[in-house]
Amino acid sequence: MDGELFPRAPAELAPGAVHVPGWLDARAQRDLLRACREWARPPAGLRTVHTPGGGTMSARQVCLGWHWYPYGYARTAVDGDGAPVKPFPDSLGELGRRAVADTLGDEAARTAAYDIALINYYDGDARMGMHRDSDEKADAPVVSLSLGDSCVFRFGDTETRTGPRTDVELRSGDLFVFGGPSRFAYHGVPKVLPGTAPPGLGLTGRLNITLRVSGL
Ligand SMILES: O=C(O)CCC(=O)C(=O)O
Ligand SMILES: [Fe+2]
């Protein structure tokens with residue numbers, strides 16, 4: 001955020017897991033939010049996700065490129081309205097490669113052909129339990145961008161859901177990349193911090209966009 005008293009510095013939480021505060025400026029955040037609002041519209045728009053065990057995810061979701069459902073990918077919103085998933089835009093692919101180049105280097109970025117975006121919307125009570133992003137058939141880094149309210153993002157190890165973990169606050173405009181030895185690390189969002197979005201953005205709640213390579 002501009003004008004912060006103590007600027008937050010980029011940090012590597014684990015090998016291949018890098019947090020860059022304020023990576024998107026206010027303009028880029030507004031543009032991405034506007035696009036998310038379009039993508040969230042039906043058909044194949046924002047939906048509530050139900051898990052096979054009978055649970056309901058509190059974060060609602062829209063997908064681009066490939067439709068994620070628990071636990072796989074499809075070309076249509078198989079657990080929603082059944083419509084074809086919206087295309088993955090080139091602009092997000094570029095953004096993903098730039099994010100990887102800035103955090104993990106040009107070589108990692110060169111091979112990352114992003115083709116999936118999962119966009120999660122969190123209201124003040126929403127959370128996401130510890131999980132691994134493991135339905136992709138490729139090991140390219142996951143690129144995560146946050147908009148709106150801050151959250152506590154919990155990043156663990158690759159072994160168990162309950163292993164050692166680090167909590168970081170992700171704020172609007174922050175980038176978090178996890179690749180290499182951290183690509184299949186457990187992570188989650190235990191808490192959103194309501195009312196912390198930048199006043200000028202015009203978003204109540206939190207959006208997180210993850211860019212992924214499907215390998216499909
Ligand atoms: O909201 C976040 O920061 C994380 C989202 C996430 O882990 C996912 O979509 O798989
Ligand atoms: Fe995830």
# chains A, B, ... in the order shown; residues from 1 in each chain; ligands from 1
$ closest_atom_pairs --of "region 113-209 of chain A" --to "region 87-107 of chain A" --cutoff "7 Å" --atoms "only C-alpha atoms" --output "JSON lines"
{"residue": "A:Ala113", "atom": "CA", "partner": "A:Gly93", "partner_atom": "CA", "distance": 6.8}
{"residue": "A:Tyr114", "atom": "CA", "partner": "A:Gly93", "partner_atom": "CA", "distance": 5.1}
{"residue": "A:Asp115", "atom": "CA", "partner": "A:Phe88", "partner_atom": "CA", "distance": 5.9}
{"residue": "A:Ile116", "atom": "CA", "partner": "A:Phe88", "partner_atom": "CA", "distance": 6.3}
{"residue": "A:Val143", "atom": "CA", "partner": "A:Gly96", "partner_atom": "CA", "distance": 6.2}
$ write_last_selection --atoms "C-alpha atoms" --output "mmCIF file, in the first residue's frame"
data_model
loop_
_atom_site.group_PDB
_atom_site.id
_atom_site.type_symbol
_atom_site.label_atom_id
_atom_site.label_comp_id
_atom_site.auth_asym_id
_atom_site.auth_seq_id
_atom_site.Cartn_x
_atom_site.Cartn_y
_atom_site.Cartn_z
ATOM 1 C CA ALA A 113 1.921 -21.535 -19.691
ATOM 2 C CA TYR A 114 -0.955 -20.541 -17.412
ATOM 3 C CA ASP A 115 -4.358 -21.820 -18.500
ATOM 4 C CA ILE A 116 -6.481 -21.809 -15.313
ATOM 5 C CA VAL A 143 0.421 -17.485 -8.622
#
$ residues_around --residues "Arg212 (chain A)" --least-positions-apart "2" --cutoff "10 Å" --atoms "only C-alpha atoms" --output "list of chain:residue names"
A:Gly65, A:Trp66, A:Gly93, A:Gly96, A:Ala112, A:Ala113, A:Tyr114, A:Asp115, A:Ile116, A:Ala117, A:Leu118, A:Asp133, A:Glu136, A:Ala138, A:Asp139, A:Ala140, A:Pro141, A:Val142, A:Val143, A:Ser144, A:Ile209, A:Thr210, A:Ser214, A:Gly215
$ closest_residue --among "A:Ser182, A:Ser134, A:Thr166, A:Thr158" --to "ligand 1" --atoms "only C-alpha atoms and all ligand atoms"
A:Ser134
$ select_by_dssp --residues "region 45-199 of chain A" --states "strand (DSSP E)" --output "number ranges by chain"
A: 60-64, 67-69, 72-74, 116-122, 128-131, 142-148, 150-155, 166-170, 175-178, 187-193
$ write_last_selection --atoms "N, CA and C atoms" --output "compact mmCIF listing (two decimals), in the first residue's frame"
# COMPACT_ATOMS: atom_id res chain seq x y z
N ARG A 60 -16.99 -18.53 -2.24
CA ARG A 60 -17.66 -18.87 -3.51
C ARG A 60 -16.66 -18.69 -4.65
N GLN A 61 -16.90 -19.35 -5.77
CA GLN A 61 -15.84 -19.46 -6.77
C GLN A 61 -16.33 -19.34 -8.22
N VAL A 62 -15.48 -18.75 -9.05
CA VAL A 62 -15.67 -18.79 -10.49
C VAL A 62 -14.34 -19.20 -11.12
N CYS A 63 -14.40 -19.93 -12.23
CA CYS A 63 -13.20 -20.47 -12.87
C CYS A 63 -13.08 -19.96 -14.30
N LEU A 64 -11.86 -19.84 -14.76
CA LEU A 64 -11.58 -19.51 -16.17
C LEU A 64 -10.65 -20.58 -16.73
N HIS A 67 -12.70 -25.65 -15.45
CA HIS A 67 -13.59 -25.55 -14.30
C HIS A 67 -13.14 -26.53 -13.23
N TRP A 68 -12.79 -25.99 -12.06
CA TRP A 68 -12.42 -26.88 -10.96
C TRP A 68 -13.67 -27.27 -10.18
N TYR A 69 -13.76 -28.55 -9.85
CA TYR A 69 -14.80 -29.03 -8.93
C TYR A 69 -14.07 -29.99 -7.99
N GLY A 72 -11.41 -32.29 -9.34
CA GLY A 72 -10.91 -32.48 -10.69
C GLY A 72 -11.18 -31.24 -11.53
N TYR A 73 -10.91 -31.35 -12.83
CA TYR A 73 -11.15 -30.24 -13.75
C TYR A 73 -12.03 -30.70 -14.90
N ALA A 74 -12.90 -29.80 -15.37
CA ALA A 74 -13.78 -30.09 -16.50
C ALA A 74 -13.85 -28.86 -17.39
N ILE A 116 -5.37 -21.73 -16.27
CA ILE A 116 -6.48 -21.81 -15.31
C ILE A 116 -6.42 -20.59 -14.40
N ALA A 117 -7.58 -20.00 -14.13
CA ALA A 117 -7.71 -19.05 -13.02
C ALA A 117 -8.87 -19.52 -12.15
N LEU A 118 -8.60 -19.66 -10.85
CA LEU A 118 -9.68 -19.90 -9.88
C LEU A 118 -9.82 -18.63 -9.07
N ILE A 119 -11.01 -18.10 -9.07
CA ILE A 119 -11.27 -16.84 -8.37
C ILE A 119 -12.21 -17.13 -7.22
N ASN A 120 -11.72 -16.87 -6.01
CA ASN A 120 -12.52 -17.14 -4.81
C ASN A 120 -12.96 -15.83 -4.19
N TYR A 121 -14.24 -15.77 -3.84
CA TYR A 121 -14.76 -14.59 -3.15
C TYR A 121 -15.07 -14.97 -1.70
N TYR A 122 -14.48 -14.21 -0.77
CA TYR A 122 -14.68 -14.43 0.66
C TYR A 122 -15.46 -13.27 1.25
N MET A 128 -10.86 -20.81 4.28
CA MET A 128 -10.53 -21.98 3.47
C MET A 128 -9.61 -22.87 4.29
N GLY A 129 -10.00 -24.13 4.46
CA GLY A 129 -9.22 -25.06 5.26
C GLY A 129 -7.90 -25.40 4.61
N MET A 130 -7.00 -26.01 5.38
CA MET A 130 -5.69 -26.39 4.87
C MET A 130 -5.84 -27.46 3.79
N HIS A 131 -5.19 -27.24 2.67
CA HIS A 131 -5.29 -28.16 1.53
C HIS A 131 -4.07 -27.99 0.66
N VAL A 142 2.13 -21.91 -8.59
CA VAL A 142 0.81 -21.27 -8.42
C VAL A 142 1.06 -19.80 -8.11
N VAL A 143 0.32 -18.94 -8.81
CA VAL A 143 0.42 -17.49 -8.62
C VAL A 143 -0.87 -17.02 -7.96
N SER A 144 -0.76 -16.38 -6.81
CA SER A 144 -1.95 -15.94 -6.06
C SER A 144 -1.95 -14.42 -5.92
N LEU A 145 -3.08 -13.81 -6.28
CA LEU A 145 -3.24 -12.35 -6.20
C LEU A 145 -4.45 -12.06 -5.33
N SER A 146 -4.32 -11.08 -4.45
CA SER A 146 -5.40 -10.77 -3.52
C SER A 146 -5.93 -9.36 -3.73
N LEU A 147 -7.24 -9.23 -3.57
CA LEU A 147 -7.92 -7.93 -3.73
C LEU A 147 -8.91 -7.75 -2.59
N GLY A 148 -9.04 -6.52 -2.11
CA GLY A 148 -10.07 -6.23 -1.12
C GLY A 148 -9.57 -6.42 0.30
N SER A 150 -8.01 -7.73 3.72
CA SER A 150 -6.85 -8.55 4.07
C SER A 150 -7.31 -9.88 4.64
N CYS A 151 -6.39 -10.84 4.67
CA CYS A 151 -6.69 -12.12 5.32
C CYS A 151 -5.44 -12.61 6.01
N VAL A 152 -5.62 -13.61 6.85
CA VAL A 152 -4.49 -14.39 7.35
C VAL A 152 -4.34 -15.58 6.42
N PHE A 153 -3.18 -15.69 5.80
CA PHE A 153 -2.87 -16.80 4.90
C PHE A 153 -1.89 -17.71 5.63
N ARG A 154 -2.24 -18.98 5.70
CA ARG A 154 -1.43 -19.95 6.46
C ARG A 154 -0.70 -20.84 5.48
N PHE A 155 0.62 -20.90 5.61
CA PHE A 155 1.42 -21.69 4.67
C PHE A 155 2.20 -22.74 5.43
N THR A 166 3.49 -21.10 8.74
CA THR A 166 3.76 -19.68 8.95
C THR A 166 2.50 -18.93 8.54
N ASP A 167 2.10 -17.97 9.34
CA ASP A 167 0.97 -17.11 8.97
C ASP A 167 1.49 -15.79 8.42
N VAL A 168 0.92 -15.37 7.29
CA VAL A 168 1.24 -14.03 6.75
C VAL A 168 -0.07 -13.31 6.47
N GLU A 169 -0.04 -12.00 6.56
CA GLU A 169 -1.23 -11.23 6.20
C GLU A 169 -1.13 -10.91 4.72
N LEU A 170 -2.15 -11.32 3.96
CA LEU A 170 -2.21 -10.93 2.54
C LEU A 170 -3.18 -9.77 2.42
N LEU A 175 1.02 -10.24 -3.88
CA LEU A 175 1.30 -11.43 -4.69
C LEU A 175 1.89 -12.50 -3.79
N PHE A 176 1.47 -13.74 -3.99
CA PHE A 176 2.11 -14.86 -3.31
C PHE A 176 2.33 -15.94 -4.36
N VAL A 177 3.55 -16.38 -4.52
CA VAL A 177 3.86 -17.42 -5.51
C VAL A 177 4.39 -18.62 -4.77
N PHE A 178 3.87 -19.81 -5.08
CA PHE A 178 4.48 -21.02 -4.52
C PHE A 178 4.75 -22.04 -5.61
N HIS A 187 -1.82 -25.21 2.49
CA HIS A 187 -2.07 -23.78 2.76
C HIS A 187 -3.57 -23.59 2.98
N GLY A 188 -3.91 -22.45 3.57
CA GLY A 188 -5.33 -22.16 3.80
C GLY A 188 -5.50 -20.73 4.26
N VAL A 189 -6.76 -20.36 4.43
CA VAL A 189 -7.11 -19.00 4.87
C VAL A 189 -7.97 -19.12 6.12
N PRO A 190 -7.35 -19.05 7.31
CA PRO A 190 -8.15 -19.20 8.53
C PRO A 190 -9.04 -18.02 8.85
N LYS A 191 -8.76 -16.85 8.25
CA LYS A 191 -9.49 -15.66 8.71
C LYS A 191 -9.39 -14.53 7.69
N VAL A 192 -10.53 -13.90 7.44
CA VAL A 192 -10.56 -12.65 6.67
C VAL A 192 -10.68 -11.52 7.69
N LEU A 193 -10.09 -10.38 7.39
CA LEU A 193 -10.14 -9.24 8.30
C LEU A 193 -11.09 -8.19 7.70
$ closest_residue --among "A:Gly200, A:Gly156, A:Pro42, A:Gly82" --to "ligand 2" --atoms "only C-alpha atoms and all ligand atoms"
A:Gly156
$ select_by_dssp --residues "region 2-148 of chain A" --states "helix (DSSP H, G or I)" --output "PyMOL selection string"
chain A and resi 26-39+90-103+106-110
$ write_last_selection --atoms "C-alpha atoms" --output "short mmCIF file (atom, residue, chain, number, x, y, z; two decimals), in the first residue's frame"
data_model
loop_
_atom_site.label_atom_id
_atom_site.label_comp_id
_atom_site.auth_asym_id
_atom_site.auth_seq_id
_atom_site.Cartn_x
_atom_site.Cartn_y
_atom_site.Cartn_z
CA ALA A 26 -4.16 0.71 -7.18
CA ARG A 27 -4.92 0.98 -10.90
CA ALA A 28 -4.08 -2.67 -11.60
CA GLN A 29 -6.24 -3.72 -8.63
CA ARG A 30 -9.19 -1.75 -9.95
CA ASP A 31 -8.79 -3.21 -13.45
CA LEU A 32 -8.56 -6.76 -12.12
CA LEU A 33 -11.59 -6.24 -9.87
CA ARG A 34 -13.62 -4.93 -12.81
CA ALA A 35 -12.69 -8.01 -14.83
CA CYS A 36 -13.57 -10.34 -11.92
CA ARG A 37 -17.02 -8.79 -11.73
CA GLU A 38 -17.57 -9.63 -15.40
CA TRP A 39 -16.26 -13.17 -15.00
CA ASP A 90 -3.97 -13.97 -22.49
CA SER A 91 -3.64 -10.99 -20.16
CA LEU A 92 -3.77 -13.28 -17.10
CA GLY A 93 -1.15 -15.57 -18.66
CA GLU A 94 1.15 -12.58 -19.08
CA LEU A 95 0.46 -11.43 -15.53
CA GLY A 96 1.27 -14.92 -14.21
CA ARG A 97 4.57 -15.11 -16.09
CA ARG A 98 5.54 -11.64 -14.88
CA ALA A 99 4.73 -12.69 -11.30
CA VAL A 100 6.94 -15.76 -11.60
CA ALA A 101 9.78 -13.81 -13.27
CA ASP A 102 9.70 -11.27 -10.41
CA THR A 103 9.79 -13.94 -7.69
CA ASP A 106 13.05 -15.80 -15.82
CA GLU A 107 13.73 -19.50 -16.34
CA ALA A 108 10.79 -20.57 -14.14
CA ALA A 109 8.58 -18.03 -15.93
CA ARG A 110 9.57 -19.14 -19.44
#
$ atom_distance --atom1 "CA of Gly124 (chain A)" --atom2 "CA of Leu207 (chain A)"
11.3 Å
$ decode --residues "region 22-45 of chain A" --atoms "N, CA and C atoms" --output "PDB file, in the first residue's frame"
ATOM      1  N   GLY A  22       2.033  -5.551  -2.058  1.00  0.00           N
ATOM      2  CA  GLY A  22       1.774  -4.419  -2.948  1.00  0.00           C
ATOM      3  C   GLY A  22       2.269  -4.601  -4.368  1.00  0.00           C
ATOM      4  N   TRP A  23       2.227  -5.815  -4.882  1.00  0.00           N
ATOM      5  CA  TRP A  23       2.742  -6.072  -6.243  1.00  0.00           C
ATOM      6  C   TRP A  23       1.867  -5.402  -7.301  1.00  0.00           C
ATOM      7  N   LEU A  24       0.553  -5.382  -7.064  1.00  0.00           N
ATOM      8  CA  LEU A  24      -0.375  -4.699  -7.982  1.00  0.00           C
ATOM      9  C   LEU A  24      -0.643  -3.295  -7.438  1.00  0.00           C
ATOM     10  N   ASP A  25      -0.456  -2.282  -8.287  1.00  0.00           N
ATOM     11  CA  ASP A  25      -0.766  -0.923  -7.824  1.00  0.00           C
ATOM     12  C   ASP A  25      -2.285  -0.709  -7.841  1.00  0.00           C
ATOM     13  N   ALA A  26      -2.715   0.462  -7.354  1.00  0.00           N
ATOM     14  CA  ALA A  26      -4.156   0.708  -7.181  1.00  0.00           C
ATOM     15  C   ALA A  26      -4.900   0.568  -8.512  1.00  0.00           C
ATOM     16  N   ARG A  27      -4.301   1.046  -9.578  1.00  0.00           N
ATOM     17  CA  ARG A  27      -4.921   0.975 -10.898  1.00  0.00           C
ATOM     18  C   ARG A  27      -5.083  -0.478 -11.355  1.00  0.00           C
ATOM     19  N   ALA A  28      -4.025  -1.258 -11.191  1.00  0.00           N
ATOM     20  CA  ALA A  28      -4.078  -2.674 -11.600  1.00  0.00           C
ATOM     21  C   ALA A  28      -5.111  -3.429 -10.764  1.00  0.00           C
ATOM     22  N   GLN A  29      -5.228  -3.081  -9.488  1.00  0.00           N
ATOM     23  CA  GLN A  29      -6.239  -3.724  -8.633  1.00  0.00           C
ATOM     24  C   GLN A  29      -7.643  -3.402  -9.120  1.00  0.00           C
ATOM     25  N   ARG A  30      -7.853  -2.144  -9.463  1.00  0.00           N
ATOM     26  CA  ARG A  30      -9.190  -1.746  -9.948  1.00  0.00           C
ATOM     27  C   ARG A  30      -9.535  -2.457 -11.248  1.00  0.00           C
ATOM     28  N   ASP A  31      -8.553  -2.541 -12.158  1.00  0.00           N
ATOM     29  CA  ASP A  31      -8.789  -3.207 -13.447  1.00  0.00           C
ATOM     30  C   ASP A  31      -9.104  -4.687 -13.248  1.00  0.00           C
ATOM     31  N   LEU A  32      -8.348  -5.325 -12.360  1.00  0.00           N
ATOM     32  CA  LEU A  32      -8.564  -6.760 -12.125  1.00  0.00           C
ATOM     33  C   LEU A  32      -9.921  -6.993 -11.453  1.00  0.00           C
ATOM     34  N   LEU A  33     -10.288  -6.122 -10.530  1.00  0.00           N
ATOM     35  CA  LEU A  33     -11.594  -6.237  -9.875  1.00  0.00           C
ATOM     36  C   LEU A  33     -12.726  -6.097 -10.893  1.00  0.00           C
ATOM     37  N   ARG A  34     -12.580  -5.129 -11.791  1.00  0.00           N
ATOM     38  CA  ARG A  34     -13.620  -4.932 -12.809  1.00  0.00           C
ATOM     39  C   ARG A  34     -13.772  -6.203 -13.658  1.00  0.00           C
ATOM     40  N   ALA A  35     -12.644  -6.782 -14.035  1.00  0.00           N
ATOM     41  CA  ALA A  35     -12.690  -8.014 -14.830  1.00  0.00           C
ATOM     42  C   ALA A  35     -13.329  -9.152 -14.023  1.00  0.00           C
ATOM     43  N   CYS A  36     -12.988  -9.264 -12.754  1.00  0.00           N
ATOM     44  CA  CYS A  36     -13.566 -10.338 -11.915  1.00  0.00           C
ATOM     45  C   CYS A  36     -15.083 -10.211 -11.852  1.00  0.00           C
ATOM     46  N   ARG A  37     -15.560  -8.978 -11.790  1.00  0.00           N
ATOM     47  CA  ARG A  37     -17.023  -8.785 -11.728  1.00  0.00           C
ATOM     48  C   ARG A  37     -17.680  -9.287 -13.007  1.00  0.00           C
ATOM     49  N   GLU A  38     -17.030  -9.098 -14.136  1.00  0.00           N
ATOM     50  CA  GLU A  38     -17.565  -9.631 -15.402  1.00  0.00           C
ATOM     51  C   GLU A  38     -17.542 -11.157 -15.393  1.00  0.00           C
ATOM     52  N   TRP A  39     -16.405 -11.708 -14.992  1.00  0.00           N
ATOM     53  CA  TRP A  39     -16.264 -13.175 -14.995  1.00  0.00           C
ATOM     54  C   TRP A  39     -17.254 -13.829 -14.048  1.00  0.00           C
ATOM     55  N   ALA A  40     -17.639 -13.110 -12.992  1.00  0.00           N
ATOM     56  CA  ALA A  40     -18.532 -13.694 -11.974  1.00  0.00           C
ATOM     57  C   ALA A  40     -19.973 -13.818 -12.468  1.00  0.00           C
ATOM     58  N   ARG A  41     -20.276 -13.157 -13.594  1.00  0.00           N
ATOM     59  CA  ARG A  41     -21.663 -13.203 -14.083  1.00  0.00           C
ATOM     60  C   ARG A  41     -21.954 -14.538 -14.762  1.00  0.00           C
ATOM     61  N   PRO A  42     -23.210 -14.983 -14.714  1.00  0.00           N
ATOM     62  CA  PRO A  42     -23.570 -16.195 -15.443  1.00  0.00           C
ATOM     63  C   PRO A  42     -23.502 -15.936 -16.952  1.00  0.00           C
ATOM     64  N   PRO A  43     -23.393 -16.958 -17.770  1.00  0.00           N
ATOM     65  CA  PRO A  43     -23.313 -18.383 -17.409  1.00  0.00           C
ATOM     66  C   PRO A  43     -21.933 -18.748 -16.860  1.00  0.00           C
ATOM     67  N   ALA A  44     -21.872 -19.910 -16.217  1.00  0.00           N
ATOM     68  CA  ALA A  44     -20.638 -20.402 -15.589  1.00  0.00           C
ATOM     69  C   ALA A  44     -20.022 -19.325 -14.698  1.00  0.00           C
ATOM     70  N   GLY A  45     -20.871 -18.639 -13.939  1.00  0.00           N
ATOM     71  CA  GLY A  45     -20.405 -17.558 -13.065  1.00  0.00           C
ATOM     72  C   GLY A  45     -20.101 -18.040 -11.652  1.00  0.00           C
TER      73      GLY A  45
END
